[in-house]
$ cat protein.pdb   # PDB, N, CA and C atoms
ATOM      1  N   MET A   1       0.836  -1.170   0.000
ATOM      2  CA  MET A   1       0.000   0.000   0.000
ATOM      3  C   MET A   1       0.887   1.241   0.000
ATOM      4  N   ASN A   2       1.372   1.597  -1.167
ATOM      5  CA  ASN A   2       2.284   2.712  -1.273
ATOM      6  C   ASN A   2       1.592   4.043  -1.517
ATOM      7  N   THR A   3       0.350   4.025  -1.940
ATOM      8  CA  THR A   3      -0.335   5.277  -2.222
ATOM      9  C   THR A   3      -1.028   5.776  -0.965
ATOM     10  N   SER A   4      -1.055   7.054  -0.831
ATOM     11  CA  SER A   4      -1.734   7.681   0.299
ATOM     12  C   SER A   4      -3.235   7.560   0.109
ATOM     13  N   ILE A   5      -3.945   7.326   1.199
ATOM     14  CA  ILE A   5      -5.406   7.229   1.096
ATOM     15  C   ILE A   5      -6.025   8.568   0.724
ATOM     16  N   HIS A   6      -5.271   9.641   0.905
ATOM     17  CA  HIS A   6      -5.804  10.966   0.616
ATOM     18  C   HIS A   6      -5.697  11.316  -0.866
ATOM     19  N   GLN A   7      -5.054  10.477  -1.658
ATOM     20  CA  GLN A   7      -4.925  10.730  -3.090
ATOM     21  C   GLN A   7      -6.169  10.289  -3.859
ATOM     22  N   HIS A   8      -7.023   9.515  -3.230
ATOM     23  CA  HIS A   8      -8.191   8.976  -3.909
ATOM     24  C   HIS A   8      -9.437   9.239  -3.065
ATOM     25  N   PRO A   9     -10.586   9.428  -3.714
ATOM     26  CA  PRO A   9     -11.825   9.603  -2.949
ATOM     27  C   PRO A   9     -12.083   8.384  -2.056
ATOM     28  N   GLN A  10     -12.617   8.622  -0.895
ATOM     29  CA  GLN A  10     -12.899   7.547   0.050
ATOM     30  C   GLN A  10     -14.357   7.102  -0.074
ATOM     31  N   VAL A  11     -14.586   5.833   0.143
ATOM     32  CA  VAL A  11     -15.920   5.258   0.120
ATOM     33  C   VAL A  11     -16.153   4.627   1.477
ATOM     34  N   SER A  12     -17.318   4.846   2.033
ATOM     35  CA  SER A  12     -17.627   4.208   3.315
ATOM     36  C   SER A  12     -18.814   3.275   3.130
ATOM     37  N   PHE A  13     -18.887   2.273   3.998
ATOM     38  CA  PHE A  13     -20.004   1.338   3.946
ATOM     39  C   PHE A  13     -20.224   0.772   5.341
ATOM     40  N   PRO A  14     -21.468   0.419   5.661
ATOM     41  CA  PRO A  14     -21.733  -0.156   6.978
ATOM     42  C   PRO A  14     -21.165  -1.571   7.062
ATOM     43  N   LEU A  15     -20.711  -1.928   8.224
ATOM     44  CA  LEU A  15     -20.147  -3.256   8.440
ATOM     45  C   LEU A  15     -20.764  -3.827   9.706
ATOM     46  N   ARG A  16     -21.450  -4.924   9.576
ATOM     47  CA  ARG A  16     -22.066  -5.560  10.739
ATOM     48  C   ARG A  16     -21.115  -6.618  11.285
ATOM     49  N   MET A  17     -20.970  -6.633  12.614
ATOM     50  CA  MET A  17     -20.140  -7.636  13.261
ATOM     51  C   MET A  17     -20.712  -7.937  14.629
ATOM     52  N   SER A  18     -20.335  -9.086  15.152
ATOM     53  CA  SER A  18     -20.822  -9.472  16.468
ATOM     54  C   SER A  18     -20.265  -8.530  17.529
ATOM     55  N   LYS A  19     -20.905  -8.516  18.665
ATOM     56  CA  LYS A  19     -20.442  -7.690  19.776
ATOM     57  C   LYS A  19     -19.020  -8.090  20.177
ATOM     58  N   GLU A  20     -18.753  -9.387  20.203
ATOM     59  CA  GLU A  20     -17.432  -9.881  20.592
ATOM     60  C   GLU A  20     -16.356  -9.419  19.609
ATOM     61  N   LEU A  21     -16.657  -9.500  18.317
ATOM     62  CA  LEU A  21     -15.700  -9.056  17.312
ATOM     63  C   LEU A  21     -15.472  -7.551  17.417
ATOM     64  N   HIS A  22     -16.547  -6.807  17.642
ATOM     65  CA  HIS A  22     -16.423  -5.355  17.784
ATOM     66  C   HIS A  22     -15.559  -5.002  18.995
ATOM     67  N   GLU A  23     -15.755  -5.684  20.099
ATOM     68  CA  GLU A  23     -14.958  -5.412  21.298
ATOM     69  C   GLU A  23     -13.480  -5.719  21.049
ATOM     70  N   ALA A  24     -13.196  -6.829  20.364
ATOM     71  CA  ALA A  24     -11.803  -7.176  20.055
ATOM     72  C   ALA A  24     -11.199  -6.137  19.106
ATOM     73  N   PHE A  25     -11.963  -5.726  18.113
ATOM     74  CA  PHE A  25     -11.522  -4.717  17.149
ATOM     75  C   PHE A  25     -11.228  -3.401  17.861
ATOM     76  N   ASP A  26     -12.119  -3.014  18.757
ATOM     77  CA  ASP A  26     -11.956  -1.785  19.519
ATOM     78  C   ASP A  26     -10.713  -1.862  20.412
ATOM     79  N   THR A  27     -10.505  -3.002  21.046
ATOM     80  CA  THR A  27      -9.337  -3.185  21.919
ATOM     81  C   THR A  27      -8.040  -3.071  21.135
ATOM     82  N   VAL A  28      -7.974  -3.740  19.981
ATOM     83  CA  VAL A  28      -6.764  -3.671  19.155
ATOM     84  C   VAL A  28      -6.506  -2.228  18.722
ATOM     85  N   SER A  29      -7.535  -1.539  18.300
ATOM     86  CA  SER A  29      -7.385  -0.154  17.867
ATOM     87  C   SER A  29      -6.910   0.729  19.010
ATOM     88  N   THR A  30      -7.524   0.582  20.155
ATOM     89  CA  THR A  30      -7.152   1.394  21.317
ATOM     90  C   THR A  30      -5.736   1.094  21.788
ATOM     91  N   ASP A  31      -5.418  -0.185  21.920
ATOM     92  CA  ASP A  31      -4.092  -0.583  22.413
ATOM     93  C   ASP A  31      -2.971  -0.212  21.446
ATOM     94  N   SER A  32      -3.234  -0.275  20.159
ATOM     95  CA  SER A  32      -2.197  -0.018  19.155
ATOM     96  C   SER A  32      -2.142   1.449  18.722
ATOM     97  N   LEU A  33      -3.162   2.208  19.099
ATOM     98  CA  LEU A  33      -3.300   3.604  18.668
ATOM     99  C   LEU A  33      -3.435   3.727  17.154
ATOM    100  N   VAL A  34      -3.927   2.660  16.522
ATOM    101  CA  VAL A  34      -4.170   2.657  15.079
ATOM    102  C   VAL A  34      -5.678   2.798  14.868
ATOM    103  N   PRO A  35      -6.115   3.791  14.085
ATOM    104  CA  PRO A  35      -7.551   3.973  13.868
ATOM    105  C   PRO A  35      -8.205   2.724  13.267
ATOM    106  N   LYS A  36      -9.451   2.511  13.628
ATOM    107  CA  LYS A  36     -10.188   1.353  13.113
ATOM    108  C   LYS A  36     -10.258   1.356  11.595
ATOM    109  N   SER A  37     -10.414   2.514  10.988
ATOM    110  CA  SER A  37     -10.489   2.560   9.522
ATOM    111  C   SER A  37      -9.181   2.074   8.898
ATOM    112  N   THR A  38      -8.058   2.392   9.519
ATOM    113  CA  THR A  38      -6.767   1.921   9.015
ATOM    114  C   THR A  38      -6.645   0.413   9.184
ATOM    115  N   LEU A  39      -7.028  -0.091  10.353
ATOM    116  CA  LEU A  39      -6.992  -1.537  10.582
ATOM    117  C   LEU A  39      -7.878  -2.268   9.581
ATOM    118  N   ALA A  40      -9.067  -1.742   9.346
ATOM    119  CA  ALA A  40      -9.996  -2.377   8.402
ATOM    120  C   ALA A  40      -9.418  -2.376   6.992
ATOM    121  N   ARG A  41      -8.835  -1.247   6.571
ATOM    122  CA  ARG A  41      -8.228  -1.182   5.235
ATOM    123  C   ARG A  41      -7.104  -2.194   5.099
ATOM    124  N   LEU A  42      -6.259  -2.304   6.133
ATOM    125  CA  LEU A  42      -5.158  -3.275   6.088
ATOM    126  C   LEU A  42      -5.687  -4.704   5.997
ATOM    127  N   ALA A  43      -6.717  -5.015   6.783
ATOM    128  CA  ALA A  43      -7.284  -6.367   6.772
ATOM    129  C   ALA A  43      -7.912  -6.691   5.421
ATOM    130  N   ILE A  44      -8.661  -5.759   4.867
ATOM    131  CA  ILE A  44      -9.305  -5.986   3.574
ATOM    132  C   ILE A  44      -8.258  -6.115   2.473
ATOM    133  N   THR A  45      -7.239  -5.276   2.510
ATOM    134  CA  THR A  45      -6.156  -5.354   1.520
ATOM    135  C   THR A  45      -5.463  -6.708   1.590
ATOM    136  N   SER A  46      -5.200  -7.175   2.805
ATOM    137  CA  SER A  46      -4.550  -8.474   2.999
ATOM    138  C   SER A  46      -5.427  -9.602   2.453
ATOM    139  N   LEU A  47      -6.720  -9.553   2.737
ATOM    140  CA  LEU A  47      -7.641 -10.578   2.241
ATOM    141  C   LEU A  47      -7.681 -10.581   0.720
ATOM    142  N   LEU A  48      -7.793  -9.412   0.116
ATOM    143  CA  LEU A  48      -7.860  -9.337  -1.344
ATOM    144  C   LEU A  48      -6.575  -9.846  -1.989
ATOM    145  N   LYS A  49      -5.436  -9.576  -1.376
ATOM    146  CA  LYS A  49      -4.165 -10.095  -1.892
ATOM    147  C   LYS A  49      -4.155 -11.620  -1.826
ATOM    148  N   ASP A  50      -4.595 -12.170  -0.688
ATOM    149  CA  ASP A  50      -4.666 -13.621  -0.551
ATOM    150  C   ASP A  50      -5.600 -14.230  -1.592
ATOM    151  N   VAL A  51      -6.746 -13.608  -1.801
ATOM    152  CA  VAL A  51      -7.705 -14.111  -2.784
ATOM    153  C   VAL A  51      -7.091 -14.095  -4.184
ATOM    154  N   SER A  52      -6.381 -13.024  -4.527
ATOM    155  CA  SER A  52      -5.804 -12.951  -5.870
ATOM    156  C   SER A  52      -4.677 -13.960  -6.050
ATOM    157  N   GLU A  53      -3.955 -14.281  -4.978
ATOM    158  CA  GLU A  53      -2.842 -15.227  -5.071
ATOM    159  C   GLU A  53      -3.279 -16.688  -4.941
ATOM    160  N   LYS A  54      -4.267 -16.953  -4.082
ATOM    161  CA  LYS A  54      -4.640 -18.334  -3.753
ATOM    162  C   LYS A  54      -6.002 -18.750  -4.279
ATOM    163  N   GLY A  55      -6.842 -17.773  -4.600
ATOM    164  CA  GLY A  55      -8.230 -18.065  -4.926
ATOM    165  C   GLY A  55      -9.075 -17.948  -3.668
ATOM    166  N   ILE A  56     -10.350 -17.721  -3.856
ATOM    167  CA  ILE A  56     -11.240 -17.451  -2.728
ATOM    168  C   ILE A  56     -11.353 -18.641  -1.783
ATOM    169  N   GLN A  57     -11.460 -19.844  -2.327
ATOM    170  CA  GLN A  57     -11.643 -21.023  -1.474
ATOM    171  C   GLN A  57     -10.454 -21.230  -0.534
ATOM    172  N   ASP A  58      -9.248 -21.157  -1.070
ATOM    173  CA  ASP A  58      -8.058 -21.351  -0.240
ATOM    174  C   ASP A  58      -7.853 -20.196   0.735
ATOM    175  N   ALA A  59      -8.154 -18.992   0.317
ATOM    176  CA  ALA A  59      -8.019 -17.836   1.206
ATOM    177  C   ALA A  59      -8.960 -17.976   2.405
ATOM    178  N   ILE A  60     -10.201 -18.362   2.156
ATOM    179  CA  ILE A  60     -11.154 -18.548   3.250
ATOM    180  C   ILE A  60     -10.750 -19.722   4.117
ATOM    181  N   LYS A  61     -10.275 -20.789   3.513
ATOM    182  CA  LYS A  61      -9.828 -21.953   4.265
ATOM    183  C   LYS A  61      -8.690 -21.558   5.217
ATOM    184  N   ASP A  62      -7.737 -20.784   4.728
ATOM    185  CA  ASP A  62      -6.623 -20.337   5.562
ATOM    186  C   ASP A  62      -7.103 -19.520   6.748
ATOM    187  N   ILE A  63      -8.072 -18.647   6.515
ATOM    188  CA  ILE A  63      -8.609 -17.818   7.599
ATOM    189  C   ILE A  63      -9.296 -18.689   8.644
ATOM    190  N   ARG A  64     -10.077 -19.631   8.194
ATOM    191  CA  ARG A  64     -10.815 -20.497   9.130
ATOM    192  C   ARG A  64      -9.886 -21.386   9.940
ATOM    193  N   GLU A  65      -8.702 -21.703   9.416
ATOM    194  CA  GLU A  65      -7.756 -22.568  10.117
ATOM    195  C   GLU A  65      -6.908 -21.825  11.137
ATOM    196  N   ARG A  66      -6.978 -20.506  11.154
ATOM    197  CA  ARG A  66      -6.188 -19.723  12.106
ATOM    198  C   ARG A  66      -6.720 -19.849  13.502
TER     199      ARG A  66
END
$ encode --input "protein.pdb" --output "structure tokens"
Amino acid sequence: MNTSIHQHPQVSFPLRMSKELHEAFDTVSTDSLVPKSTLARLAITSLLKDVSEKGIQDAIKDIRER
């Protein structure tokens, strides 16, 4: 991710998650001092890279095995 997020228009969308996942997400953001939007972008970028390299089935399988 070499380009600045400010070079391109931003798009937002609602994301539903369980209370437990939200609490863990909030804790990681608070403890790391990294904004949730940055964490989400990094996670989505990582997933999309895995999908492009491995295919969707293997990418999901890898996530479920963690």
$ select_by_dssp --input "protein.pdb" --residues "chain A" --states "alpha helix (DSSP H)" --output "number ranges by chain"
A: 19-32, 36-54, 56-65
$ atom_distance --input "protein.pdb" --atom1 "atom CA of Leu21 of chain A" --atom2 "atom CA of Ala40 of chain A"
12.5 Å
$ atom_distance --input "protein.pdb" --atom1 "atom N of Leu47 of chain A" --atom2 "atom N of Val34 of chain A"
18.6 Å
$ closest_residue --input "protein.pdb" --among "A:Ser37, A:Thr45, A:Asp50, A:Gln57" --to "Pro14 of chain A" --atoms "only C-alpha atoms"
A:Ser37
$ decode --input "protein.pdb" --residues "segment 9-20 of chain A" --atoms "all heavy atoms" --output "PDB file, in the first residue's frame"
ATOM      1  N   PRO A   9     -10.586   9.428  -3.714  1.00  0.00           N
ATOM      2  CA  PRO A   9     -11.825   9.603  -2.949  1.00  0.00           C
ATOM      3  C   PRO A   9     -12.083   8.384  -2.056  1.00  0.00           C
ATOM      4  O   PRO A   9     -11.781   7.249  -2.428  1.00  0.00           O
ATOM      5  CB  PRO A   9     -12.906   9.719  -4.022  1.00  0.00           C
ATOM      6  CG  PRO A   9     -12.190  10.028  -5.285  1.00  0.00           C
ATOM      7  CD  PRO A   9     -10.808   9.462  -5.141  1.00  0.00           C
ATOM      8  N   GLN A  10     -12.617   8.622  -0.895  1.00  0.00           N
ATOM      9  CA  GLN A  10     -12.899   7.547   0.050  1.00  0.00           C
ATOM     10  C   GLN A  10     -14.357   7.102  -0.074  1.00  0.00           C
ATOM     11  O   GLN A  10     -15.242   7.911  -0.353  1.00  0.00           O
ATOM     12  CB  GLN A  10     -12.636   8.017   1.483  1.00  0.00           C
ATOM     13  CG  GLN A  10     -11.208   8.473   1.714  1.00  0.00           C
ATOM     14  CD  GLN A  10     -10.204   7.367   1.494  1.00  0.00           C
ATOM     15  OE1 GLN A  10     -10.191   6.402   2.252  1.00  0.00           O
ATOM     16  NE2 GLN A  10      -9.390   7.486   0.470  1.00  0.00           N
ATOM     17  N   VAL A  11     -14.586   5.833   0.143  1.00  0.00           N
ATOM     18  CA  VAL A  11     -15.920   5.258   0.120  1.00  0.00           C
ATOM     19  C   VAL A  11     -16.153   4.627   1.477  1.00  0.00           C
ATOM     20  O   VAL A  11     -15.274   3.967   2.025  1.00  0.00           O
ATOM     21  CB  VAL A  11     -16.031   4.176  -0.991  1.00  0.00           C
ATOM     22  CG1 VAL A  11     -17.385   3.515  -0.951  1.00  0.00           C
ATOM     23  CG2 VAL A  11     -15.740   4.786  -2.348  1.00  0.00           C
ATOM     24  N   SER A  12     -17.318   4.846   2.033  1.00  0.00           N
ATOM     25  CA  SER A  12     -17.627   4.208   3.315  1.00  0.00           C
ATOM     26  C   SER A  12     -18.814   3.275   3.130  1.00  0.00           C
ATOM     27  O   SER A  12     -19.619   3.436   2.208  1.00  0.00           O
ATOM     28  CB  SER A  12     -17.931   5.248   4.395  1.00  0.00           C
ATOM     29  OG  SER A  12     -19.073   5.984   4.062  1.00  0.00           O
ATOM     30  N   PHE A  13     -18.887   2.273   3.998  1.00  0.00           N
ATOM     31  CA  PHE A  13     -20.004   1.338   3.946  1.00  0.00           C
ATOM     32  C   PHE A  13     -20.224   0.772   5.341  1.00  0.00           C
ATOM     33  O   PHE A  13     -19.292   0.665   6.138  1.00  0.00           O
ATOM     34  CB  PHE A  13     -19.751   0.219   2.931  1.00  0.00           C
ATOM     35  CG  PHE A  13     -18.559  -0.645   3.256  1.00  0.00           C
ATOM     36  CD1 PHE A  13     -18.700  -1.812   3.990  1.00  0.00           C
ATOM     37  CD2 PHE A  13     -17.287  -0.282   2.844  1.00  0.00           C
ATOM     38  CE1 PHE A  13     -17.608  -2.604   4.302  1.00  0.00           C
ATOM     39  CE2 PHE A  13     -16.194  -1.056   3.143  1.00  0.00           C
ATOM     40  CZ  PHE A  13     -16.352  -2.222   3.870  1.00  0.00           C
ATOM     41  N   PRO A  14     -21.468   0.419   5.661  1.00  0.00           N
ATOM     42  CA  PRO A  14     -21.733  -0.156   6.978  1.00  0.00           C
ATOM     43  C   PRO A  14     -21.165  -1.571   7.062  1.00  0.00           C
ATOM     44  O   PRO A  14     -21.126  -2.297   6.065  1.00  0.00           O
ATOM     45  CB  PRO A  14     -23.256  -0.174   7.068  1.00  0.00           C
ATOM     46  CG  PRO A  14     -23.724  -0.153   5.666  1.00  0.00           C
ATOM     47  CD  PRO A  14     -22.668   0.553   4.861  1.00  0.00           C
ATOM     48  N   LEU A  15     -20.711  -1.928   8.224  1.00  0.00           N
ATOM     49  CA  LEU A  15     -20.147  -3.256   8.440  1.00  0.00           C
ATOM     50  C   LEU A  15     -20.764  -3.827   9.706  1.00  0.00           C
ATOM     51  O   LEU A  15     -20.619  -3.253  10.784  1.00  0.00           O
ATOM     52  CB  LEU A  15     -18.618  -3.160   8.574  1.00  0.00           C
ATOM     53  CG  LEU A  15     -17.882  -4.448   8.877  1.00  0.00           C
ATOM     54  CD1 LEU A  15     -18.016  -5.415   7.694  1.00  0.00           C
ATOM     55  CD2 LEU A  15     -16.423  -4.149   9.143  1.00  0.00           C
ATOM     56  N   ARG A  16     -21.450  -4.924   9.576  1.00  0.00           N
ATOM     57  CA  ARG A  16     -22.066  -5.560  10.739  1.00  0.00           C
ATOM     58  C   ARG A  16     -21.115  -6.618  11.285  1.00  0.00           C
ATOM     59  O   ARG A  16     -20.516  -7.379  10.536  1.00  0.00           O
ATOM     60  CB  ARG A  16     -23.384  -6.201  10.361  1.00  0.00           C
ATOM     61  CG  ARG A  16     -24.391  -5.188   9.858  1.00  0.00           C
ATOM     62  CD  ARG A  16     -25.771  -5.804   9.743  1.00  0.00           C
ATOM     63  NE  ARG A  16     -26.695  -4.903   9.107  1.00  0.00           N
ATOM     64  CZ  ARG A  16     -27.302  -3.889   9.715  1.00  0.00           C
ATOM     65  NH1 ARG A  16     -27.066  -3.652  10.977  1.00  0.00           N
ATOM     66  NH2 ARG A  16     -28.136  -3.120   9.060  1.00  0.00           N
ATOM     67  N   MET A  17     -20.970  -6.633  12.614  1.00  0.00           N
ATOM     68  CA  MET A  17     -20.140  -7.636  13.261  1.00  0.00           C
ATOM     69  C   MET A  17     -20.712  -7.937  14.629  1.00  0.00           C
ATOM     70  O   MET A  17     -21.484  -7.148  15.182  1.00  0.00           O
ATOM     71  CB  MET A  17     -18.684  -7.164  13.365  1.00  0.00           C
ATOM     72  CG  MET A  17     -18.461  -5.935  14.209  1.00  0.00           C
ATOM     73  SD  MET A  17     -16.732  -5.433  14.338  1.00  0.00           S
ATOM     74  CE  MET A  17     -16.435  -4.711  12.753  1.00  0.00           C
ATOM     75  N   SER A  18     -20.335  -9.086  15.152  1.00  0.00           N
ATOM     76  CA  SER A  18     -20.822  -9.472  16.468  1.00  0.00           C
ATOM     77  C   SER A  18     -20.265  -8.530  17.529  1.00  0.00           C
ATOM     78  O   SER A  18     -19.256  -7.842  17.312  1.00  0.00           O
ATOM     79  CB  SER A  18     -20.384 -10.906  16.793  1.00  0.00           C
ATOM     80  OG  SER A  18     -18.968 -10.944  16.969  1.00  0.00           O
ATOM     81  N   LYS A  19     -20.905  -8.516  18.665  1.00  0.00           N
ATOM     82  CA  LYS A  19     -20.442  -7.690  19.776  1.00  0.00           C
ATOM     83  C   LYS A  19     -19.020  -8.090  20.177  1.00  0.00           C
ATOM     84  O   LYS A  19     -18.168  -7.234  20.433  1.00  0.00           O
ATOM     85  CB  LYS A  19     -21.387  -7.838  20.974  1.00  0.00           C
ATOM     86  CG  LYS A  19     -20.990  -7.012  22.156  1.00  0.00           C
ATOM     87  CD  LYS A  19     -21.942  -7.185  23.322  1.00  0.00           C
ATOM     88  CE  LYS A  19     -21.449  -6.360  24.497  1.00  0.00           C
ATOM     89  NZ  LYS A  19     -22.183  -6.632  25.710  1.00  0.00           N
ATOM     90  N   GLU A  20     -18.753  -9.387  20.203  1.00  0.00           N
ATOM     91  CA  GLU A  20     -17.432  -9.881  20.592  1.00  0.00           C
ATOM     92  C   GLU A  20     -16.356  -9.419  19.609  1.00  0.00           C
ATOM     93  O   GLU A  20     -15.269  -9.003  20.021  1.00  0.00           O
ATOM     94  CB  GLU A  20     -17.437 -11.412  20.694  1.00  0.00           C
ATOM     95  CG  GLU A  20     -18.310 -11.956  21.796  1.00  0.00           C
ATOM     96  CD  GLU A  20     -19.807 -11.985  21.447  1.00  0.00           C
ATOM     97  OE1 GLU A  20     -20.168 -11.871  20.261  1.00  0.00           O
ATOM     98  OE2 GLU A  20     -20.611 -12.115  22.397  1.00  0.00           O
TER      99      GLU A  20
END
